[in-house]
$ cat query.pdb   # PDB, C-alpha atoms and all ligand atoms
MODEL        1
ATOM      1  CA  MET A1165     238.734 -15.988 118.250  1.00  0.00           C
ATOM      2  CA  GLY A1166     235.642 -14.311 119.605  1.00  0.00           C
ATOM      3  CA  MET A1167     233.175 -15.703 122.090  1.00  0.00           C
ATOM      4  CA  THR A1168     229.644 -16.420 121.108  1.00  0.00           C
ATOM      5  CA  ALA A1169     226.649 -15.094 123.003  1.00  0.00           C
ATOM      6  CA  GLU A1170     225.903 -18.676 123.974  1.00  0.00           C
ATOM      7  CA  GLN A1171     229.367 -19.146 125.498  1.00  0.00           C
ATOM      8  CA  ILE A1172     229.021 -15.940 127.531  1.00  0.00           C
ATOM      9  CA  ALA A1173     225.544 -16.937 128.673  1.00  0.00           C
ATOM     10  CA  HIS A1174     226.795 -20.398 129.616  1.00  0.00           C
ATOM     11  CA  GLN A1175     229.650 -18.927 131.695  1.00  0.00           C
ATOM     12  CA  LEU A1176     227.170 -16.654 133.473  1.00  0.00           C
ATOM     13  CA  ARG A1177     224.819 -19.604 134.014  1.00  0.00           C
ATOM     14  CA  GLY A1178     222.184 -17.852 131.986  1.00  0.00           C
ATOM     15  CA  ARG A1179     219.176 -19.421 130.364  1.00  0.00           C
ATOM     16  CA  LYS A1180     217.920 -19.498 126.803  1.00  0.00           C
ATOM     17  CA  GLN A1181     215.120 -17.248 125.719  1.00  0.00           C
ATOM     18  CA  PRO A1182     213.427 -16.998 122.342  1.00  0.00           C
ATOM     19  CA  SER A1183     215.581 -14.060 121.226  1.00  0.00           C
ATOM     20  CA  GLY A1184     218.832 -14.889 122.998  1.00  0.00           C
ATOM     21  CA  TRP A1185     219.837 -15.511 126.598  1.00  0.00           C
ATOM     22  CA  VAL A1186     219.242 -13.944 129.979  1.00  0.00           C
ATOM     23  CA  ALA A1187     221.757 -14.082 132.810  1.00  0.00           C
ATOM     24  CA  ARG A1188     222.718 -12.375 136.007  1.00  0.00           C
ATOM     25  CA  CYS A1189     224.398  -9.075 135.243  1.00  0.00           C
ATOM     26  CA  PRO A1190     228.091  -9.049 136.214  1.00  0.00           C
ATOM     27  CA  ALA A1191     228.071  -5.276 136.688  1.00  0.00           C
ATOM     28  CA  HIS A1192     225.738  -5.122 139.625  1.00  0.00           C
ATOM     29  CA  ASP A1193     224.647  -7.381 142.450  1.00  0.00           C
ATOM     30  CA  ASP A1194     222.021  -9.139 140.378  1.00  0.00           C
ATOM     31  CA  HIS A1195     219.712 -11.638 142.032  1.00  0.00           C
ATOM     32  CA  ASN A1196     217.051 -11.485 139.391  1.00  0.00           C
ATOM     33  CA  PRO A1197     218.700 -12.194 136.030  1.00  0.00           C
ATOM     34  CA  SER A1198     218.496  -8.897 134.197  1.00  0.00           C
ATOM     35  CA  LEU A1199     221.180  -9.138 131.549  1.00  0.00           C
ATOM     36  CA  SER A1200     219.997 -10.000 128.074  1.00  0.00           C
ATOM     37  CA  ILE A1201     222.596 -11.332 125.643  1.00  0.00           C
ATOM     38  CA  ARG A1202     222.026 -11.830 121.966  1.00  0.00           C
ATOM     39  CA  GLU A1203     223.768 -11.800 118.635  1.00  0.00           C
ATOM     40  CA  ALA A1204     223.013  -9.658 115.622  1.00  0.00           C
ATOM     41  CA  ASP A1205     225.090  -9.481 112.417  1.00  0.00           C
ATOM     42  CA  GLY A1206     227.870 -11.445 114.090  1.00  0.00           C
ATOM     43  CA  ARG A1207     228.147  -8.996 116.991  1.00  0.00           C
ATOM     44  CA  ILE A1208     227.224  -9.658 120.587  1.00  0.00           C
ATOM     45  CA  LEU A1209     224.743  -7.275 122.150  1.00  0.00           C
ATOM     46  CA  VAL A1210     224.265  -7.025 125.894  1.00  0.00           C
ATOM     47  CA  HIS A1211     221.726  -5.029 127.840  1.00  0.00           C
ATOM     48  CA  CYS A1212     221.157  -4.771 131.563  1.00  0.00           C
ATOM     49  CA  HIS A1213     217.480  -4.214 132.297  1.00  0.00           C
ATOM     50  CA  ALA A1214     218.349  -3.026 135.810  1.00  0.00           C
ATOM     51  CA  GLY A1215     219.996   0.010 134.256  1.00  0.00           C
ATOM     52  CA  CYS A1216     223.735  -0.638 134.194  1.00  0.00           C
ATOM     53  CA  GLU A1217     225.659   1.378 131.624  1.00  0.00           C
ATOM     54  CA  GLN A1218     226.722  -0.542 128.544  1.00  0.00           C
ATOM     55  CA  ASP A1219     230.407   0.178 129.266  1.00  0.00           C
ATOM     56  CA  ALA A1220     230.054  -1.076 132.830  1.00  0.00           C
ATOM     57  CA  VAL A1221     228.562  -4.362 131.631  1.00  0.00           C
ATOM     58  CA  ILE A1222     231.249  -4.845 128.980  1.00  0.00           C
ATOM     59  CA  ASN A1223     234.042  -3.995 131.432  1.00  0.00           C
ATOM     60  CA  ALA A1224     232.631  -6.475 133.922  1.00  0.00           C
ATOM     61  CA  LEU A1225     232.502  -9.138 131.198  1.00  0.00           C
ATOM     62  CA  LYS A1226     236.066  -8.297 130.150  1.00  0.00           C
ATOM     63  CA  ALA A1227     237.233  -8.632 133.760  1.00  0.00           C
ATOM     64  CA  ARG A1228     235.916 -12.194 133.689  1.00  0.00           C
ATOM     65  CA  GLY A1229     237.478 -12.871 130.289  1.00  0.00           C
ATOM     66  CA  LEU A1230     234.070 -13.096 128.687  1.00  0.00           C
ATOM     67  CA  TRP A1231     234.260 -10.272 126.210  1.00  0.00           C
ATOM     68  CA  ARG A1232     236.217 -10.863 123.053  1.00  0.00           C
ATOM     69  CA  GLN A1233     234.525  -9.661 119.919  1.00  0.00           C
ATOM     70  CA  ARG A1234     235.296 -11.463 116.728  1.00  0.00           C
ATOM     71  CA  GLU A1235     237.803  -9.725 114.471  1.00  0.00           C
ATOM     72  CA  PRO A1236     236.123  -8.205 111.438  1.00  0.00           C
ATOM     73  CA  GLU A1237     236.911 -10.145 108.278  1.00  0.00           C
ATOM     74  CA  ARG A1238     240.253  -8.980 106.958  1.00  0.00           C
ATOM     75  CA  LYS A1239     240.353  -8.208 103.281  1.00  0.00           C
ATOM     76  CA  ARG A1240     243.433  -9.499 101.548  1.00  0.00           C
ATOM     77  CA  VAL A1241     245.298  -7.188  99.159  1.00  0.00           C
ATOM     78  CA  VAL A1242     245.714  -9.100  95.913  1.00  0.00           C
ATOM     79  CA  LYS A1243     246.944  -6.342  93.590  1.00  0.00           C
ATOM     80  CA  THR A1244     248.427  -2.881  93.952  1.00  0.00           C
ATOM     81  CA  TYR A1245     248.641  -0.094  91.412  1.00  0.00           C
ATOM     82  CA  ASP A1246     251.154   2.733  91.936  1.00  0.00           C
ATOM     83  CA  TYR A1247     250.177   6.311  91.245  1.00  0.00           C
ATOM     84  CA  ARG A1248     253.268   8.484  90.754  1.00  0.00           C
ATOM     85  CA  ASP A1249     253.855  12.161  90.167  1.00  0.00           C
ATOM     86  CA  GLU A1250     255.585  13.800  87.161  1.00  0.00           C
ATOM     87  CA  VAL A1251     259.043  12.684  88.284  1.00  0.00           C
ATOM     88  CA  GLY A1252     258.045   9.183  89.291  1.00  0.00           C
ATOM     89  CA  THR A1253     257.688   9.624  93.051  1.00  0.00           C
ATOM     90  CA  LEU A1254     255.060   7.361  94.559  1.00  0.00           C
ATOM     91  CA  LEU A1255     252.055   9.401  95.687  1.00  0.00           C
ATOM     92  CA  TYR A1256     249.654   6.590  96.529  1.00  0.00           C
ATOM     93  CA  GLN A1257     248.533   3.093  95.696  1.00  0.00           C
ATOM     94  CA  VAL A1258     245.188   1.703  94.745  1.00  0.00           C
ATOM     95  CA  CYS A1259     244.866  -1.700  96.392  1.00  0.00           C
ATOM     96  CA  ARG A1260     242.534  -4.338  95.114  1.00  0.00           C
ATOM     97  CA  THR A1261     241.282  -6.744  97.755  1.00  0.00           C
ATOM     98  CA  GLU A1262     239.691 -10.160  97.989  1.00  0.00           C
ATOM     99  CA  PRO A1263     236.735 -10.221  98.700  1.00  0.00           C
ATOM    100  CA  LYS A1264     236.562  -7.675  95.903  1.00  0.00           C
ATOM    101  CA  GLY A1265     237.076  -4.121  96.998  1.00  0.00           C
ATOM    102  CA  PHE A1266     239.413  -1.194  96.487  1.00  0.00           C
ATOM    103  CA  PHE A1267     241.105   1.249  98.803  1.00  0.00           C
ATOM    104  CA  GLN A1268     243.861   3.826  98.628  1.00  0.00           C
ATOM    105  CA  ARG A1269     246.926   4.142 100.813  1.00  0.00           C
ATOM    106  CA  ARG A1270     249.879   6.508 100.673  1.00  0.00           C
ATOM    107  CA  PRO A1271     253.377   6.360 102.129  1.00  0.00           C
ATOM    108  CA  ASP A1272     254.406   8.736 104.889  1.00  0.00           C
ATOM    109  CA  SER A1273     257.921  10.179 104.962  1.00  0.00           C
ATOM    110  CA  TYR A1274     259.164   7.068 106.815  1.00  0.00           C
ATOM    111  CA  GLY A1275     257.747   4.703 104.205  1.00  0.00           C
ATOM    112  CA  ARG A1276     254.870   3.518 106.373  1.00  0.00           C
ATOM    113  CA  TRP A1277     251.372   3.362 104.934  1.00  0.00           C
ATOM    114  CA  ILE A1278     248.711   5.891 105.723  1.00  0.00           C
ATOM    115  CA  TYR A1279     245.363   4.312 104.942  1.00  0.00           C
ATOM    116  CA  LYS A1280     243.791   7.416 103.517  1.00  0.00           C
ATOM    117  CA  LYS A1281     243.286   9.014 100.144  1.00  0.00           C
ATOM    118  CA  SER A1282     246.158  11.173  98.983  1.00  0.00           C
ATOM    119  CA  PRO A1283     245.306  14.885  98.913  1.00  0.00           C
ATOM    120  CA  ARG A1284     246.875  14.965  95.459  1.00  0.00           C
ATOM    121  CA  GLN A1285     245.155  12.734  92.912  1.00  0.00           C
ATOM    122  CA  VAL A1286     246.828  12.191  89.538  1.00  0.00           C
ATOM    123  CA  LEU A1287     246.217  10.267  86.366  1.00  0.00           C
ATOM    124  CA  TYR A1288     247.475   6.697  86.449  1.00  0.00           C
ATOM    125  CA  ARG A1289     250.840   6.217  84.671  1.00  0.00           C
ATOM    126  CA  LEU A1290     251.265   9.980  84.596  1.00  0.00           C
ATOM    127  CA  THR A1291     254.887   9.989  83.400  1.00  0.00           C
ATOM    128  CA  GLU A1292     253.935   7.957  80.340  1.00  0.00           C
ATOM    129  CA  VAL A1293     250.906  10.124  79.617  1.00  0.00           C
ATOM    130  CA  LEU A1294     253.065  13.250  79.686  1.00  0.00           C
ATOM    131  CA  GLU A1295     255.294  11.764  76.952  1.00  0.00           C
ATOM    132  CA  ALA A1296     252.501  10.563  74.676  1.00  0.00           C
ATOM    133  CA  PRO A1297     250.755  12.370  71.806  1.00  0.00           C
ATOM    134  CA  ILE A1298     247.877   9.861  71.885  1.00  0.00           C
ATOM    135  CA  VAL A1299     246.357   8.620  75.142  1.00  0.00           C
ATOM    136  CA  LEU A1300     243.590   6.112  75.716  1.00  0.00           C
ATOM    137  CA  VAL A1301     241.394   6.672  78.762  1.00  0.00           C
ATOM    138  CA  VAL A1302     239.727   3.631  80.268  1.00  0.00           C
ATOM    139  CA  GLU A1303     237.909   2.751  83.463  1.00  0.00           C
ATOM    140  CA  GLY A1304     240.268   1.096  85.903  1.00  0.00           C
ATOM    141  CA  GLU A1305     243.939   0.305  86.251  1.00  0.00           C
ATOM    142  CA  LYS A1306     243.555  -3.259  84.996  1.00  0.00           C
ATOM    143  CA  ASP A1307     242.414  -2.006  81.595  1.00  0.00           C
ATOM    144  CA  VAL A1308     245.309   0.454  81.493  1.00  0.00           C
ATOM    145  CA  GLU A1309     247.709  -2.422  82.081  1.00  0.00           C
ATOM    146  CA  THR A1310     245.993  -4.456  79.352  1.00  0.00           C
ATOM    147  CA  LEU A1311     246.517  -1.625  76.864  1.00  0.00           C
ATOM    148  CA  ARG A1312     250.122  -1.101  77.968  1.00  0.00           C
ATOM    149  CA  SER A1313     250.812  -4.780  77.348  1.00  0.00           C
ATOM    150  CA  HIS A1314     249.630  -4.169  73.771  1.00  0.00           C
ATOM    151  CA  GLY A1315     251.895  -1.168  73.316  1.00  0.00           C
ATOM    152  CA  PHE A1316     249.459   1.685  73.948  1.00  0.00           C
ATOM    153  CA  VAL A1317     249.688   4.567  76.375  1.00  0.00           C
ATOM    154  CA  ALA A1318     246.621   4.573  78.563  1.00  0.00           C
ATOM    155  CA  THR A1319     245.391   6.072  81.786  1.00  0.00           C
ATOM    156  CA  THR A1320     242.560   6.208  84.272  1.00  0.00           C
ATOM    157  CA  ASN A1321     241.771   7.889  87.544  1.00  0.00           C
ATOM    158  CA  ALA A1322     241.584   6.204  90.944  1.00  0.00           C
ATOM    159  CA  GLY A1323     238.178   5.497  92.388  1.00  0.00           C
ATOM    160  CA  GLY A1324     236.408   4.116  89.363  1.00  0.00           C
ATOM    161  CA  ALA A1325     233.555   5.571  87.398  1.00  0.00           C
ATOM    162  CA  LYS A1326     232.085   7.445  90.335  1.00  0.00           C
ATOM    163  CA  ALA A1327     235.210   9.425  91.224  1.00  0.00           C
ATOM    164  CA  PRO A1328     235.197  12.987  89.902  1.00  0.00           C
ATOM    165  CA  TRP A1329     237.177  13.953  86.800  1.00  0.00           C
ATOM    166  CA  LEU A1330     239.480  16.684  88.098  1.00  0.00           C
ATOM    167  CA  PRO A1331     240.498  19.812  86.150  1.00  0.00           C
ATOM    168  CA  SER A1332     244.135  18.771  86.691  1.00  0.00           C
ATOM    169  CA  TYR A1333     243.485  15.598  84.682  1.00  0.00           C
ATOM    170  CA  THR A1334     242.227  17.700  81.787  1.00  0.00           C
ATOM    171  CA  GLU A1335     245.327  19.897  82.014  1.00  0.00           C
ATOM    172  CA  VAL A1336     247.593  16.854  81.687  1.00  0.00           C
ATOM    173  CA  LEU A1337     245.750  15.806  78.524  1.00  0.00           C
ATOM    174  CA  ARG A1338     245.750  19.294  76.998  1.00  0.00           C
ATOM    175  CA  GLY A1339     246.860  19.287  73.353  1.00  0.00           C
ATOM    176  CA  ARG A1340     246.903  15.506  73.050  1.00  0.00           C
ATOM    177  CA  GLU A1341     244.692  13.144  71.084  1.00  0.00           C
ATOM    178  CA  VAL A1342     242.461  11.356  73.554  1.00  0.00           C
ATOM    179  CA  ILE A1343     240.535   8.168  72.930  1.00  0.00           C
ATOM    180  CA  LEU A1344     237.879   7.477  75.532  1.00  0.00           C
ATOM    181  CA  ILE A1345     236.837   3.849  75.873  1.00  0.00           C
ATOM    182  CA  PRO A1346     233.783   3.499  78.114  1.00  0.00           C
ATOM    183  CA  ASP A1347     232.924   0.331  79.980  1.00  0.00           C
ATOM    184  CA  ASP A1348     229.789  -1.053  78.384  1.00  0.00           C
ATOM    185  CA  ASP A1349     227.355   0.025  81.086  1.00  0.00           C
ATOM    186  CA  ALA A1350     225.364   3.118  81.996  1.00  0.00           C
ATOM    187  CA  VAL A1351     227.845   4.348  84.603  1.00  0.00           C
ATOM    188  CA  GLY A1352     230.776   3.896  82.227  1.00  0.00           C
ATOM    189  CA  LYS A1353     229.063   5.785  79.420  1.00  0.00           C
ATOM    190  CA  LYS A1354     228.070   8.617  81.717  1.00  0.00           C
ATOM    191  CA  ARG A1355     231.655   8.915  82.960  1.00  0.00           C
ATOM    192  CA  VAL A1356     233.000   9.134  79.412  1.00  0.00           C
ATOM    193  CA  LEU A1357     230.514  11.867  78.527  1.00  0.00           C
ATOM    194  CA  THR A1358     231.611  13.847  81.568  1.00  0.00           C
ATOM    195  CA  ILE A1359     235.255  13.486  80.551  1.00  0.00           C
ATOM    196  CA  ALA A1360     234.526  14.321  76.908  1.00  0.00           C
ATOM    197  CA  ARG A1361     232.770  17.535  77.940  1.00  0.00           C
ATOM    198  CA  ALA A1362     235.715  18.504  80.107  1.00  0.00           C
ATOM    199  CA  LEU A1363     238.217  17.831  77.323  1.00  0.00           C
ATOM    200  CA  LEU A1364     236.414  19.478  74.426  1.00  0.00           C
ATOM    201  CA  GLY A1365     238.342  22.423  73.058  1.00  0.00           C
ATOM    202  CA  LYS A1366     241.365  21.605  75.170  1.00  0.00           C
ATOM    203  CA  THR A1367     242.646  18.492  73.481  1.00  0.00           C
ATOM    204  CA  ALA A1368     243.721  18.052  69.858  1.00  0.00           C
ATOM    205  CA  LYS A1369     241.065  15.431  69.346  1.00  0.00           C
ATOM    206  CA  VAL A1370     238.541  13.474  71.392  1.00  0.00           C
ATOM    207  CA  VAL A1371     237.298  10.124  70.162  1.00  0.00           C
ATOM    208  CA  ILE A1372     234.765   7.992  72.007  1.00  0.00           C
ATOM    209  CA  LEU A1373     235.286   4.385  71.101  1.00  0.00           C
ATOM    210  CA  GLU A1374     232.484   2.025  72.110  1.00  0.00           C
ATOM    211  CA  LEU A1375     233.496  -1.593  72.120  1.00  0.00           C
ATOM    212  CA  GLY A1376     230.007  -2.954  71.611  1.00  0.00           C
ATOM    213  CA  THR A1377     230.652  -6.639  72.165  1.00  0.00           C
ATOM    214  CA  ALA A1378     232.758  -6.422  75.308  1.00  0.00           C
ATOM    215  CA  GLN A1379     232.271  -5.036  78.805  1.00  0.00           C
ATOM    216  CA  ASP A1380     235.748  -3.509  78.769  1.00  0.00           C
ATOM    217  CA  ILE A1381     238.979  -3.475  76.767  1.00  0.00           C
ATOM    218  CA  THR A1382     240.460  -6.394  78.689  1.00  0.00           C
ATOM    219  CA  VAL A1383     237.506  -8.599  77.729  1.00  0.00           C
ATOM    220  CA  TRP A1384     237.690  -7.221  74.176  1.00  0.00           C
ATOM    221  CA  PHE A1385     241.267  -8.437  73.778  1.00  0.00           C
ATOM    222  CA  GLU A1386     240.322 -11.741  75.409  1.00  0.00           C
ATOM    223  CA  GLN A1387     237.667 -12.139  72.726  1.00  0.00           C
ATOM    224  CA  GLY A1388     240.472 -12.324  70.195  1.00  0.00           C
ATOM    225  CA  HIS A1389     240.534  -8.760  68.938  1.00  0.00           C
ATOM    226  CA  GLY A1390     243.949  -7.300  68.207  1.00  0.00           C
ATOM    227  CA  GLU A1391     246.015  -4.153  68.288  1.00  0.00           C
ATOM    228  CA  LEU A1392     245.644  -3.367  64.581  1.00  0.00           C
ATOM    229  CA  GLU A1393     241.881  -3.639  64.857  1.00  0.00           C
ATOM    230  CA  LEU A1394     241.877  -1.218  67.757  1.00  0.00           C
ATOM    231  CA  ILE A1395     243.975   1.258  65.778  1.00  0.00           C
ATOM    232  CA  ALA A1396     241.695   0.830  62.770  1.00  0.00           C
ATOM    233  CA  GLN A1397     238.619   1.462  64.917  1.00  0.00           C
ATOM    234  CA  VAL A1398     240.170   4.583  66.352  1.00  0.00           C
ATOM    235  CA  GLU A1399     240.885   5.785  62.830  1.00  0.00           C
ATOM    236  CA  GLY A1400     237.274   5.123  61.980  1.00  0.00           C
ATOM    237  CA  GLN A1401     237.917   2.366  59.513  1.00  0.00           C
ATOM    238  CA  GLN A1402     235.786  -0.687  58.994  1.00  0.00           C
ATOM    239  CA  VAL A1403     237.690  -3.857  59.585  1.00  0.00           C
ATOM    240  CA  THR A1404     236.749  -7.470  59.679  1.00  0.00           C
ATOM    241  CA  SER A1405     238.396  -9.709  62.187  1.00  0.00           C
TER     242      SER A1405
HETATM  243 ZN    ZN B1501     223.426  -4.638 135.642  1.00  0.00          ZN
ENDMDL
END
$ encode --input "query.pdb" --output "structure tokens" --more "lines below"
Ligand SMILES: [Zn+2]
Amino acid sequence: MGMTAEQIAHQLRGRKQPSGWVARCPAHDDHNPSLSIREADGRILVHCHAGCEQDAVINALKARGLWRQREPERKRVVKTYDYRDEVGTLLYQVCRTEPKGFFQRRPDSYGRWIYKKSPRQVLYRLTEVLEAPIVLVVEGEKDVETLRSHGFVATTNAGGAKAPWLPSYTEVLRGREVILIPDDDAVGKKRVLTIARALLGKTAKVVILELGTAQDITVWFEQGHGELELIAQVEGQQVTS
């Protein structure tokens, strides 16, 4: 638990001012209250108008047990996605957090987590991609898992639509049929165009499949569409659901 500016001011017998509190500075022999204390964005700010260094003021407050900043809000990891190399060794994880956010972590040689991006970035579900003649590329691991649950081989890259499409990703897809399914937004469409340009001439076939009625493939399946319809759309057939 952190202390509030008011609690610190109270302990220092300070008095309220319009923008915070003023109290006698604990870092110097202060007869004329010269320490201002206020809060901004949940943090406590102190300033000695007599000229004490910030560190000196904070150390003096700490010595009196008056300086405990609130812990920043911890994000809870609610889902992890493993990224593995060609032989299945874990390279890194994408962690999804609540409140919503994403970060990467990678294991060190002792199995502890290093909270940094892996220097080697690979396509998600790489071992499956390497075995598949036809690969669907979507935006995000959740959509890959949706497609896998319907029997397709799918992939994505960590970091979402804004992460770069690496030449090594193109190499992995070389010679395969690739179906790109953009999220139904400007960023998603731009990403797919970037990927399509990179793949042209290197893959057996590139198909861009726009879902139209759904933001992404997970929502599309939730709307009641099925596997056969997806296959039919890829093959360019008209189907009625
Ligand atoms: Zn001072």
$ residues_around --input "query.pdb" --residues "A:Trp1329" --least-positions-apart "6" --cutoff "8 Å" --atoms "only C-alpha atoms" --output "list in words"
Asn1321, Thr1358 and Ile1359 of chain A
$ closest_atom_pairs --input "query.pdb" --of "chain A" --to "ligand ZN 1501 (chain B)" --cutoff "7 Å" --atoms "all atoms listed in the file" --output "CSV"
residue,atom,partner,partner_atom,distance
A:Cys1189,CA,B:ZN1501,ZN,4.6
A:Pro1190,CA,B:ZN1501,ZN,6.4
A:Ala1191,CA,B:ZN1501,ZN,4.8
A:His1192,CA,B:ZN1501,ZN,4.6
A:Asp1194,CA,B:ZN1501,ZN,6.7
A:Ser1198,CA,B:ZN1501,ZN,6.7
A:Leu1199,CA,B:ZN1501,ZN,6.5
A:Cys1212,CA,B:ZN1501,ZN,4.7
A:His1213,CA,B:ZN1501,ZN,6.8
A:Ala1214,CA,B:ZN1501,ZN,5.3
A:Gly1215,CA,B:ZN1501,ZN,5.9
A:Cys1216,CA,B:ZN1501,ZN,4.3
A:Val1221,CA,B:ZN1501,ZN,6.5
$ closest_residue --input "query.pdb" --among "A:Glu1374, A:Glu1295, A:Tyr1256, A:Phe1266" --to "A:Lys1281" --atoms "all atoms listed in the file"
A:Tyr1256
$ atom_distance --input "query.pdb" --atom1 "atom CA of A:Ala1322" --atom2 "atom CA of A:Arg1338"
19.6 Å
$ resolve_selection --input "query.pdb" --expression "the PyMOL selection byres (((chain A and resi 1372) around 9) and not hetatm)" --output "list in words"
Val1342, Ile1343, Leu1344, Ile1345, Pro1346, Val1356, Leu1357, Ala1360, Val1370, Val1371, Leu1373, Glu1374 and Val1398 of chain A
$ write_last_selection --input "query.pdb" --atoms "C-alpha atoms" --output "mmCIF file, keeping the file's coordinate frame"
data_model
loop_
_atom_site.group_PDB
_atom_site.id
_atom_site.type_symbol
_atom_site.label_atom_id
_atom_site.label_comp_id
_atom_site.auth_asym_id
_atom_site.auth_seq_id
_atom_site.Cartn_x
_atom_site.Cartn_y
_atom_site.Cartn_z
ATOM 1 C CA VAL A 1342 242.461 11.356 73.554
ATOM 2 C CA ILE A 1343 240.535 8.168 72.930
ATOM 3 C CA LEU A 1344 237.879 7.477 75.532
ATOM 4 C CA ILE A 1345 236.837 3.849 75.873
ATOM 5 C CA PRO A 1346 233.783 3.499 78.114
ATOM 6 C CA VAL A 1356 233.000 9.134 79.412
ATOM 7 C CA LEU A 1357 230.514 11.867 78.527
ATOM 8 C CA ALA A 1360 234.526 14.321 76.908
ATOM 9 C CA VAL A 1370 238.541 13.474 71.392
ATOM 10 C CA VAL A 1371 237.298 10.124 70.162
ATOM 11 C CA LEU A 1373 235.286 4.385 71.101
ATOM 12 C CA GLU A 1374 232.484 2.025 72.110
ATOM 13 C CA VAL A 1398 240.170 4.583 66.352
#
$ closest_residue --input "query.pdb" --among "A:Lys1306, A:His1195, A:Arg1202, A:Arg1355" --to "A:Gln1181" --atoms "only C-alpha atoms"
A:Arg1202
$ atom_distance --input "query.pdb" --atom1 "atom CA of A:Pro1283" --atom2 "atom CA of A:Gln1268"
11.2 Å
$ closest_residue --input "query.pdb" --among "A:Ala1396, A:Val1317, A:Val1299, A:Val1210" --to "A:Ala1224" --atoms "all atoms listed in the file"
A:Val1210
$ closest_atom_pairs --input "query.pdb" --of "stretch 1301-1376 of chain A" --to "stretch 1290-1293 of chain A" --cutoff "9 Å" --atoms "all atoms listed in the file" --output "Markdown table"
| residue | atom | partner | partner_atom | distance |
| --- | --- | --- | --- | --- |
| A:Val1317 | CA | A:Val1293 | CA | 6.5 |
| A:Ala1318 | CA | A:Val1293 | CA | 7.1 |
| A:Thr1319 | CA | A:Val1293 | CA | 7.2 |
| A:Val1336 | CA | A:Val1293 | CA | 7.8 |
| A:Leu1337 | CA | A:Val1293 | CA | 7.8 |
$ resolve_selection --input "query.pdb" --expression "the PyMOL selection byres (((chain A and resi 1245) around 12) and not hetatm)" --output "count of residues only"
34
$ atom_distance --input "query.pdb" --atom1 "atom CA of A:Thr1168" --atom2 "atom CA of A:Arg1240"
24.9 Å
$ residues_around --input "query.pdb" --residues "A:Lys1180" --least-positions-apart "4" --cutoff "10 Å" --atoms "only C-alpha atoms" --output "compact mmCIF listing (two decimals) with C-alpha atoms, keeping the file's coordinate frame"
# COMPACT_ATOMS: atom_id res chain seq x y z
CA GLU A 1170 225.90 -18.68 123.97
CA ALA A 1173 225.54 -16.94 128.67
CA HIS A 1174 226.80 -20.40 129.62
CA GLY A 1184 218.83 -14.89 123.00
CA TRP A 1185 219.84 -15.51 126.60
CA VAL A 1186 219.24 -13.94 129.98
CA ALA A 1187 221.76 -14.08 132.81
CA SER A 1200 220.00 -10.00 128.07
CA ILE A 1201 222.60 -11.33 125.64
CA ARG A 1202 222.03 -11.83 121.97
$ residues_around --input "query.pdb" --residues "A:Leu1230" --least-positions-apart "4" --cutoff "7 Å" --atoms "all atoms listed in the file" --output "ChimeraX atom specification"
/A:1172,1225-1226
$ resolve_selection --input "query.pdb" --expression "the PyMOL selection byres (((chain A and resi 1381) around 10) and not hetatm)" --output "PyMOL selection string"
chain A and resi 1302-1303+1306-1308+1310-1311+1345-1348+1374-1375+1378-1380+1382-1387+1389+1394
$ axis_aligned_box --input "query.pdb" --around "stretch 1166-1173 of chain A" --padding-each-side "8 Å" --output "lines of an AutoDock Vina configuration file"
center_x = 230.6
center_y = -16.7
center_z = 124.1
size_x = 26.1
size_y = 20.8
size_z = 25.1
$ closest_residue --input "query.pdb" --among "A:Thr1334, A:Tyr1279, A:Leu1176, A:Pro1182" --to "A:Pro1197" --atoms "all atoms listed in the file"
A:Leu1176
$ residues_around --input "query.pdb" --residues "A:Lys1369" --least-positions-apart "2" --cutoff "9 Å" --atoms "only C-alpha atoms" --output "list in words"
Gly1339, Arg1340, Glu1341, Val1342, Ile1343, Leu1363, Leu1364, Gly1365, Lys1366, Thr1367 and Val1371 of chain A
